[in-house]
Structure formats: structure tokens, C-alpha cells
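Text of model.pdb (PDB, C-alpha atoms) as supplied:
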```pdb
MODEL        1
ATOM      1  CA  ASP I  21     -59.573 -58.143  27.902
ATOM      2  CA  ALA I  22     -59.830 -54.733  26.225
ATOM      3  CA  SER I  23     -56.078 -54.615  25.599
ATOM      4  CA  ALA I  24     -55.951 -57.976  23.790
ATOM      5  CA  PRO I  25     -56.489 -56.616  20.246
ATOM      6  CA  ASP I  26     -53.662 -54.094  20.725
ATOM      7  CA  LEU I  27     -51.406 -56.823  22.078
ATOM      8  CA  ALA I  28     -52.167 -59.085  19.102
ATOM      9  CA  ARG I  29     -51.440 -56.207  16.731
ATOM     10  CA  ALA I  30     -48.131 -55.499  18.461
ATOM     11  CA  LEU I  31     -47.138 -59.166  18.433
ATOM     12  CA  ASP I  32     -47.980 -59.416  14.737
ATOM     13  CA  ALA I  33     -45.888 -56.339  13.961
ATOM     14  CA  GLU I  34     -42.966 -57.647  16.021
ATOM     15  CA  ALA I  35     -43.173 -61.024  14.292
ATOM     16  CA  SER I  36     -43.193 -59.360  10.875
ATOM     17  CA  ALA I  37     -40.062 -57.393  11.799
ATOM     18  CA  LEU I  38     -38.351 -60.589  12.978
ATOM     19  CA  PHE I  39     -39.361 -62.291   9.725
ATOM     20  CA  ALA I  40     -37.788 -59.469   7.716
ATOM     21  CA  LEU I  41     -34.574 -59.905   9.722
ATOM     22  CA  GLY I  42     -34.540 -63.649   9.000
ATOM     23  CA  ARG I  43     -35.131 -64.648  12.625
ATOM     24  CA  MET I  44     -37.745 -67.200  11.704
ATOM     25  CA  ASN I  45     -38.005 -69.213  14.917
ATOM     26  CA  LYS I  46     -38.660 -66.098  16.981
ATOM     27  CA  ALA I  47     -41.069 -64.796  14.327
ATOM     28  CA  ALA I  48     -43.025 -68.055  14.383
ATOM     29  CA  ALA I  49     -43.325 -67.903  18.187
ATOM     30  CA  LYS I  50     -44.675 -64.333  18.067
ATOM     31  CA  PHE I  51     -47.137 -65.177  15.277
ATOM     32  CA  GLU I  52     -48.362 -68.114  17.361
ATOM     33  CA  GLU I  53     -48.939 -65.800  20.330
ATOM     34  CA  ALA I  54     -50.826 -63.316  18.148
ATOM     35  CA  LEU I  55     -52.878 -66.135  16.629
ATOM     36  CA  GLU I  56     -53.924 -67.464  20.031
ATOM     37  CA  ILE I  57     -55.176 -64.013  21.045
ATOM     38  CA  ARG I  58     -56.984 -63.397  17.780
ATOM     39  CA  ARG I  59     -58.735 -66.750  17.892
ATOM     40  CA  ARG I  60     -59.808 -66.124  21.482
ATOM     41  CA  VAL I  61     -60.969 -62.546  20.931
ATOM     42  CA  LEU I  62     -62.129 -62.510  17.290
ATOM     43  CA  GLY I  63     -62.864 -66.168  16.604
ATOM     44  CA  ASP I  64     -61.774 -68.536  13.855
ATOM     45  CA  SER I  65     -63.647 -66.784  11.039
ATOM     46  CA  HIS I  66     -62.208 -63.269  11.239
ATOM     47  CA  PRO I  67     -59.966 -61.834   8.485
ATOM     48  CA  LEU I  68     -57.345 -60.785  11.045
ATOM     49  CA  THR I  69     -57.155 -64.390  12.223
ATOM     50  CA  ALA I  70     -56.588 -65.408   8.615
ATOM     51  CA  ARG I  71     -53.914 -62.744   8.220
ATOM     52  CA  THR I  72     -51.915 -64.067  11.144
ATOM     53  CA  LEU I  73     -52.376 -67.633   9.909
ATOM     54  CA  SER I  74     -51.048 -66.627   6.489
ATOM     55  CA  HIS I  75     -48.006 -64.942   8.015
ATOM     56  CA  LEU I  76     -47.400 -67.981  10.204
ATOM     57  CA  GLY I  77     -47.654 -70.257   7.169
ATOM     58  CA  ALA I  78     -45.056 -68.195   5.304
ATOM     59  CA  THR I  79     -42.769 -68.404   8.340
ATOM     60  CA  ARG I  80     -43.159 -72.156   8.655
ATOM     61  CA  TYR I  81     -42.320 -72.415   4.947
ATOM     62  CA  GLU I  82     -39.098 -70.459   5.474
ATOM     63  CA  LEU I  83     -38.243 -72.837   8.313
ATOM     64  CA  GLY I  84     -38.650 -75.796   5.947
ATOM     65  CA  GLN I  85     -41.710 -77.111   7.804
ATOM     66  CA  LEU I  86     -43.562 -77.705   4.569
ATOM     67  CA  GLU I  87     -46.512 -79.837   5.653
ATOM     68  CA  VAL I  88     -47.152 -77.645   8.683
ATOM     69  CA  ALA I  89     -46.977 -74.557   6.453
ATOM     70  CA  ARG I  90     -49.341 -76.117   3.933
ATOM     71  CA  GLN I  91     -51.987 -76.891   6.541
ATOM     72  CA  VAL I  92     -51.718 -73.446   8.146
ATOM     73  CA  LEU I  93     -52.189 -71.761   4.759
ATOM     74  CA  ILE I  94     -55.152 -74.000   3.915
ATOM     75  CA  ASP I  95     -56.642 -72.996   7.274
ATOM     76  CA  ALA I  96     -56.084 -69.318   6.449
ATOM     77  CA  LEU I  97     -57.874 -69.688   3.127
ATOM     78  CA  ALA I  98     -60.766 -71.506   4.799
ATOM     79  CA  VAL I  99     -61.149 -68.606   7.233
ATOM     80  CA  LEU I 100     -61.203 -66.127   4.350
ATOM     81  CA  VAL I 101     -63.855 -68.162   2.547
ATOM     82  CA  SER I 102     -66.008 -68.220   5.676
ATOM     83  CA  ALA I 103     -65.545 -64.444   6.021
ATOM     84  CA  GLY I 104     -66.571 -63.863   2.395
ATOM     85  CA  ALA I 105     -63.059 -62.638   1.512
ATOM     86  CA  GLU I 106     -61.968 -65.420  -0.832
ATOM     87  CA  ASP I 107     -61.375 -62.910  -3.661
ATOM     88  CA  SER I 108     -59.398 -60.417  -1.576
ATOM     89  CA  PRO I 109     -55.731 -59.460  -1.991
ATOM     90  CA  GLN I 110     -55.216 -61.163   1.373
ATOM     91  CA  ALA I 111     -56.486 -64.419  -0.124
ATOM     92  CA  ALA I 112     -54.153 -63.903  -3.081
ATOM     93  CA  GLY I 113     -51.234 -63.602  -0.658
ATOM     94  CA  ALA I 114     -52.161 -66.832   1.098
ATOM     95  CA  LEU I 115     -52.592 -68.578  -2.253
ATOM     96  CA  ASN I 116     -49.190 -67.362  -3.409
ATOM     97  CA  ASN I 117     -47.584 -68.691  -0.229
ATOM     98  CA  LEU I 118     -49.417 -71.996  -0.676
ATOM     99  CA  GLY I 119     -48.083 -72.178  -4.222
ATOM    100  CA  LEU I 120     -44.540 -71.789  -2.910
ATOM    101  CA  VAL I 121     -45.092 -74.708  -0.537
ATOM    102  CA  GLU I 122     -46.624 -76.906  -3.237
ATOM    103  CA  ARG I 123     -43.795 -76.156  -5.676
ATOM    104  CA  THR I 124     -41.144 -76.954  -3.077
ATOM    105  CA  ASN I 125     -42.961 -80.230  -2.399
ATOM    106  CA  GLY I 126     -42.828 -81.015  -6.138
ATOM    107  CA  ARG I 127     -46.612 -80.736  -6.601
ATOM    108  CA  LEU I 128     -46.363 -78.600  -9.708
ATOM    109  CA  GLU I 129     -50.001 -78.673 -10.801
ATOM    110  CA  ALA I 130     -51.187 -77.720  -7.326
ATOM    111  CA  ALA I 131     -48.609 -74.926  -7.282
ATOM    112  CA  ARG I 132     -49.699 -73.706 -10.710
ATOM    113  CA  ALA I 133     -53.351 -73.679  -9.655
ATOM    114  CA  ALA I 134     -52.580 -71.657  -6.520
ATOM    115  CA  PHE I 135     -50.405 -69.136  -8.373
ATOM    116  CA  GLU I 136     -52.922 -68.748 -11.204
ATOM    117  CA  ARG I 137     -55.759 -68.121  -8.748
ATOM    118  CA  ALA I 138     -53.608 -65.560  -6.902
ATOM    119  CA  LEU I 139     -52.778 -63.892 -10.220
ATOM    120  CA  ALA I 140     -56.438 -63.690 -11.245
ATOM    121  CA  ILE I 141     -57.396 -62.091  -7.920
ATOM    122  CA  ASN I 142     -54.553 -59.580  -8.010
ATOM    123  CA  ARG I 143     -55.229 -58.583 -11.607
ATOM    124  CA  SER I 144     -58.889 -58.043 -10.759
ATOM    125  CA  ARG I 145     -58.363 -56.176  -7.484
ATOM    126  CA  LEU I 146     -55.031 -54.404  -7.992
ATOM    127  CA  GLY I 147     -54.691 -53.989 -11.761
ATOM    128  CA  ASP I 148     -52.244 -55.345 -14.324
ATOM    129  CA  ASN I 149     -49.285 -53.185 -13.286
ATOM    130  CA  HIS I 150     -49.037 -54.052  -9.598
ATOM    131  CA  LEU I 151     -45.908 -55.620  -8.105
ATOM    132  CA  ASN I 152     -47.979 -58.450  -6.611
ATOM    133  CA  VAL I 153     -48.993 -59.356 -10.168
ATOM    134  CA  ALA I 154     -45.319 -59.407 -11.150
ATOM    135  CA  ASN I 155     -44.561 -61.687  -8.203
ATOM    136  CA  ASN I 156     -47.313 -64.125  -9.220
ATOM    137  CA  LEU I 157     -46.051 -64.126 -12.808
ATOM    138  CA  ASN I 158     -42.521 -64.805 -11.645
ATOM    139  CA  ASN I 159     -43.644 -67.755  -9.538
ATOM    140  CA  LEU I 160     -45.629 -69.157 -12.455
ATOM    141  CA  GLY I 161     -42.499 -68.815 -14.580
ATOM    142  CA  LEU I 162     -40.564 -70.916 -12.072
ATOM    143  CA  VAL I 163     -43.251 -73.622 -12.276
ATOM    144  CA  ASP I 164     -43.037 -73.468 -16.079
ATOM    145  CA  GLU I 165     -39.272 -73.932 -15.824
ATOM    146  CA  ASP I 166     -39.773 -76.937 -13.555
ATOM    147  CA  ALA I 167     -42.086 -78.360 -16.227
ATOM    148  CA  GLU I 168     -39.488 -77.487 -18.934
ATOM    149  CA  ASP I 169     -41.925 -75.205 -20.717
ATOM    150  CA  TRP I 170     -39.228 -72.662 -21.515
ATOM    151  CA  PRO I 171     -41.118 -70.382 -23.950
ATOM    152  CA  ARG I 172     -44.010 -70.032 -21.526
ATOM    153  CA  ALA I 173     -41.631 -69.289 -18.655
ATOM    154  CA  LEU I 174     -39.923 -66.610 -20.722
ATOM    155  CA  GLY I 175     -43.271 -64.996 -21.498
ATOM    156  CA  ARG I 176     -44.101 -64.836 -17.783
ATOM    157  CA  TYR I 177     -40.713 -63.308 -16.948
ATOM    158  CA  ASN I 178     -41.022 -60.785 -19.758
ATOM    159  CA  GLU I 179     -44.357 -59.567 -18.428
ATOM    160  CA  ALA I 180     -43.109 -59.472 -14.838
ATOM    161  CA  GLU I 181     -40.035 -57.494 -15.875
ATOM    162  CA  ARG I 182     -42.213 -55.015 -17.797
ATOM    163  CA  ILE I 183     -44.251 -54.366 -14.637
ATOM    164  CA  ILE I 184     -41.174 -53.911 -12.447
ATOM    165  CA  ARG I 185     -39.627 -51.544 -14.988
ATOM    166  CA  ALA I 186     -42.850 -49.519 -15.167
ATOM    167  CA  VAL I 187     -43.277 -49.318 -11.386
ATOM    168  CA  LYS I 188     -39.681 -49.063 -10.135
ATOM    169  CA  GLY I 189     -37.722 -47.818 -13.128
ATOM    170  CA  THR I 190     -35.000 -49.266 -15.316
ATOM    171  CA  ASP I 191     -32.191 -49.080 -12.765
ATOM    172  CA  HIS I 192     -33.828 -50.726  -9.746
ATOM    173  CA  ALA I 193     -32.133 -53.763  -8.195
ATOM    174  CA  ASP I 194     -35.376 -55.761  -8.318
ATOM    175  CA  ARG I 195     -35.006 -55.931 -12.102
ATOM    176  CA  ALA I 196     -31.937 -58.120 -11.614
ATOM    177  CA  PHE I 197     -34.114 -60.974 -10.384
ATOM    178  CA  GLN I 198     -36.157 -60.997 -13.573
ATOM    179  CA  GLN I 199     -33.103 -60.438 -15.756
ATOM    180  CA  THR I 200     -31.383 -63.439 -14.169
ATOM    181  CA  ASN I 201     -34.487 -65.559 -14.750
ATOM    182  CA  ARG I 202     -34.773 -64.427 -18.350
ATOM    183  CA  GLY I 203     -31.077 -64.965 -18.978
ATOM    184  CA  ARG I 204     -31.278 -68.492 -17.590
ATOM    185  CA  VAL I 205     -34.194 -69.401 -19.868
ATOM    186  CA  LEU I 206     -32.569 -67.765 -22.888
ATOM    187  CA  LEU I 207     -29.514 -69.966 -22.287
ATOM    188  CA  VAL I 208     -31.698 -73.074 -22.448
ATOM    189  CA  LEU I 209     -33.298 -71.758 -25.637
ATOM    190  CA  ASP I 210     -29.797 -71.255 -27.121
ATOM    191  CA  ARG I 211     -30.335 -67.506 -27.545
ATOM    192  CA  MET I 212     -26.849 -66.685 -26.340
ATOM    193  CA  ASP I 213     -26.536 -63.039 -27.343
ATOM    194  CA  GLU I 214     -29.795 -62.154 -25.602
ATOM    195  CA  ALA I 215     -28.824 -64.201 -22.554
ATOM    196  CA  ARG I 216     -25.505 -62.347 -22.296
ATOM    197  CA  VAL I 217     -27.231 -58.948 -22.340
ATOM    198  CA  GLU I 218     -29.660 -59.977 -19.579
ATOM    199  CA  LEU I 219     -27.081 -61.633 -17.338
ATOM    200  CA  ASP I 220     -24.477 -58.882 -17.699
ATOM    201  CA  ALA I 221     -27.078 -56.257 -16.775
ATOM    202  CA  ALA I 222     -28.334 -58.332 -13.836
ATOM    203  CA  LEU I 223     -24.797 -58.900 -12.549
ATOM    204  CA  GLU I 224     -23.988 -55.190 -12.701
ATOM    205  CA  LEU I 225     -27.157 -54.309 -10.786
ATOM    206  CA  ARG I 226     -26.611 -56.942  -8.119
ATOM    207  CA  GLU I 227     -22.943 -56.130  -7.576
ATOM    208  CA  ARG I 228     -23.852 -52.480  -7.133
ATOM    209  CA  ALA I 229     -26.883 -53.053  -4.896
ATOM    210  CA  LEU I 230     -25.872 -56.151  -2.913
ATOM    211  CA  GLY I 231     -22.085 -56.430  -3.177
ATOM    212  CA  ILE I 232     -19.900 -58.938  -4.952
ATOM    213  CA  ASP I 233     -20.221 -61.717  -2.354
ATOM    214  CA  HIS I 234     -23.989 -61.709  -1.806
ATOM    215  CA  PRO I 235     -25.638 -65.090  -2.598
ATOM    216  CA  ARG I 236     -27.882 -63.535  -5.250
ATOM    217  CA  THR I 237     -24.892 -61.865  -6.902
ATOM    218  CA  LEU I 238     -23.080 -65.206  -6.888
ATOM    219  CA  GLU I 239     -26.125 -66.878  -8.454
ATOM    220  CA  THR I 240     -26.149 -64.404 -11.332
ATOM    221  CA  ARG I 241     -22.381 -64.696 -11.723
ATOM    222  CA  PHE I 242     -22.769 -68.485 -12.040
ATOM    223  CA  TRP I 243     -25.237 -68.154 -14.906
ATOM    224  CA  SER I 244     -23.131 -65.442 -16.518
ATOM    225  CA  GLY I 245     -20.086 -67.689 -16.330
ATOM    226  CA  LEU I 246     -22.026 -70.603 -17.772
ATOM    227  CA  GLU I 247     -23.151 -68.429 -20.666
ATOM    228  CA  ALA I 248     -19.518 -67.489 -21.341
ATOM    229  CA  CYS I 249     -18.473 -71.158 -21.315
ATOM    230  CA  LEU I 250     -21.291 -72.190 -23.622
ATOM    231  CA  ALA I 251     -20.575 -69.324 -26.009
ATOM    232  CA  GLY I 252     -16.912 -70.336 -26.033
ATOM    233  CA  ARG I 253     -17.800 -73.936 -26.917
ATOM    234  CA  VAL I 254     -20.028 -72.733 -29.719
ATOM    235  CA  ALA I 255     -17.164 -70.641 -31.103
ATOM    236  CA  GLU I 256     -14.678 -73.503 -31.075
TER
ENDMDL
END
```
This entry written out as C-alpha cells:
Amino acid sequence: DASAPDLARALDAEASALFALGRMNKAAAKFEEALEIRRRVLGDSHPLTARTLSHLGATRYELGQLEVARQVLIDALAVLVSAGAEDSPQAAGALNNLGLVERTNGRLEAARAAFERALAINRSRLGDNHLNVANNLNNLGLVDEDAEDWPRALGRYNEAERIIRAVKGTDHADRAFQQTNRGRVLLVLDRMDEARVELDAALELRERALGIDHPRTLETRFWSGLEACLAGRVAE
């Protein structure tokens, strides 16, 4: 069917839009439709098949279907290996998604390995100042926090924040994510003054960009309030 590739492309685009809107069940159904067409028309070893698999894996992860997501992402990576694209940015994306699944499952070393491989690919292919590199660094920082390696986590967040500042500027809302992460780690390290600066700045950015009742704003406000309580106990 000559129209099949166009239909798969349209289904993939529609699924991506549904994913962005948070309509994960509908997104998963559309990705499945696109995947069936791509497997039939292109075969199991085509990069576009892997792309749809990777998107489907990310969707299954958001739906909490962790083992299904893990297997889909492993399948996507196998397709990329067979296509000779194991060092591509697309492979890095699949590896990053696999790392998210492994971390949520509590398999920290597997998560670290996936994130570190994704980071190495993105540094090599995209350069040190790309936002995908910052994302990989952030995810590695979360694994370091899970392992209670606070100084290492802080180093990852510092580098990620430097990239975001260089690419998006000092007043972009995306900085609030890194500032919240850094503030949280600085609290654990008992560096209260530094934590207060980070959390106050993150809270201001998130209130302005997202509103006072957004879940991410509330998350930052929690850590900011905890910092205030801890600083008060220190002063007593």
C-alpha cells in the first residue's frame, strides 16, 4: 500500500501530540497502530520502527506499565543495533527512557549504565552544551541521590544547570528544575544558605511560569519550607 508510510507518519505525529497532552492511553493506541504499519512495510530492523517502539516504550512507562515499557525499549535498541545505529541520538533517547524505567523499578545500577551510555552518545554526537546532555546529567543525578551519593549528584546538577543557563538563559523556567534539585541536595549537605538561594529562585520562577498551585511549584515550595524549618531549628 503506497499510502501506508504516510499513514504511519500521521499516526506517529498524532500519538506524539496526545502524549504531550497527557492522554497516554490514546497515545499508546496510536503508536501501536503506527508500529504495526511500520513493521509490515519497513520490517523489524528499520530505524523508523525503532523510533515508534521507543515512543511506545516511553508511553507505557508513563502509564506505569514498567515491564512492558522495559521490553519495548529493549526491542527498540535491538532494532537500532541491527540497523547499525546503536550510537545515534535516537539510541541515546531509547537508553534514557530505559534508564527511567530501571530507576523506577529500583534497579539503580542498570539505570546508571543506561543513562551513562546515553550521555556518552549525546556528548559525542551533539556536543557538551546540548539540552539532551543536560537531561542525561539530571537523570544521573537522581540515581546518585537514590544511592545517597550527594556530592556526585550535586556535581551532575551543577553541570546540567550550566548547560540550561547557556542554552536558554538565566530567567528560563527550565532552570527551576535544576535549582530545586540543587537546593534539595544542598539541604542534605547542610549548606543552608546556598540551599535557600537556589530554592527561593526556583520558587519565584515556577510561580511566575506555572502558577502558585501547579504540582511542580508545590514541590519547590515544600523544599523551601523544609529549608526554613531546618534553618530555624539550627538558630534555636
>> Please return as an MDAnalysis selection string every residue within 10 Å of (-48.9, -61.9, 17.8), taking into account all atoms listed in the file and the file's own coordinates.
In response: chainID I and resid 25:36 47:58 72 76
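Restricting the calculation to only C-alpha atoms, the smallest distance between I:Ala40 and any of I:Arg90, I:His75, I:His150, I:Arg176 is found for I:His75.
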> Leaving out stretch 184-186 of chain I and any residue of its chain fewer than 4 positions from it, which residues lie within 9 Å of it when counting all atoms listed in the file, given as a PyMOL selection string?
Replying inline: chain I and resi 149-151+154+179-180+190-192+194-195+198
>> My list of candidates is I:Pro171, I:Leu246, I:Ala196, I:Val61. Which is closest to I:Met212 when distances are computed with all atoms listed in the file?
In response: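 Checking each of I:Pro171, I:Leu246, I:Ala196, I:Val61 against I:Met212, counting all atoms listed in the file, the winner is I:Leu246.
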> Do you have the atom CA of I:Val187-atom CA of I:Arg143 distance handy?
Replying inline: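 For atom CA of I:Val187 relative to atom CA of I:Arg143, the distance reads 15.1 Å.
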First collect every listed atom of stretch 166-179 of chain I; then fit an axis-aligned box around them, widen it by 8 Å on each side, and give centre and edge lengths in Å to one decimal, as AutoDock Vina command-line options.
```
--center_x -41.8 --center_y -69.0 --center_z -18.8 --size_x 21.1 --size_y 34.8 --size_z 26.4
```
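Residue nearest I:Phe39 within the list I:Val217, I:Leu83, I:Leu209, I:Ala103: I:Leu83 [criterion: smallest interatomic distance, only C-alpha atoms].
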> If the PyMOL selection byres ((chain I and resi 118-134) around 10) is run on the structure shown, which residues does it catch, given as number ranges by chain?
Replying inline: I: 74, 77-78, 80-82, 84-94, 97, 112-117, 135-139, 156, 159-164, 166-167
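With distances restricted to only C-alpha atoms, I:Ala215 is the closest residue to I:Ser244 from I:Ala215, I:Ala105, I:Ile232, I:Ala140.
If you look at atom CA of I:Arg71 and atom CA of I:Ile183, they are 26.2 Å away from each other.
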> For this file, the PyMOL selection byres ((chain I and resi 107) around 9) selects which residues, as a ChimeraX atom specification?
Replying inline: /I:100-101,104-106,108-112,138,141-142,144-145
>> Taking (-23.3, -64.6, -9.5) as a centre in this file's frame and 10 Å as the limit, can you find every polymer residue with an atom that close, using only C-alpha atoms, and give them as a list in words?
In response: Thr200, Leu219, Ala222, Leu223, Glu224, Arg226, Glu227, Ile232, Asp233, His234, Pro235, Arg236, Thr237, Leu238, Glu239, Thr240, Arg241, Phe242, Trp243, Ser244 and Gly245 of chain I
>> Measuring between all atoms listed in the file, which one of I:Gly203, I:Tyr177, I:Val99, I:Gly189 shows the shortest distance to I:Gly63?
In response: I:Val99
> atom CA of I:Leu73 to atom CA of I:Asp148: how many Å, to one decimal?
Replying inline: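 For atom CA of I:Leu73 relative to atom CA of I:Asp148, the distance reads 27.2 Å.
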> Smallest atom-to-atom distance to I:Arg216: which of I:Ala251, I:His66, I:Asn152, I:Ala24, using all atoms listed in the file?
Replying inline: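 Of I:Ala251, I:His66, I:Asn152, I:Ala24, the one nearest I:Arg216, counting all atoms listed in the file, is I:Ala251.
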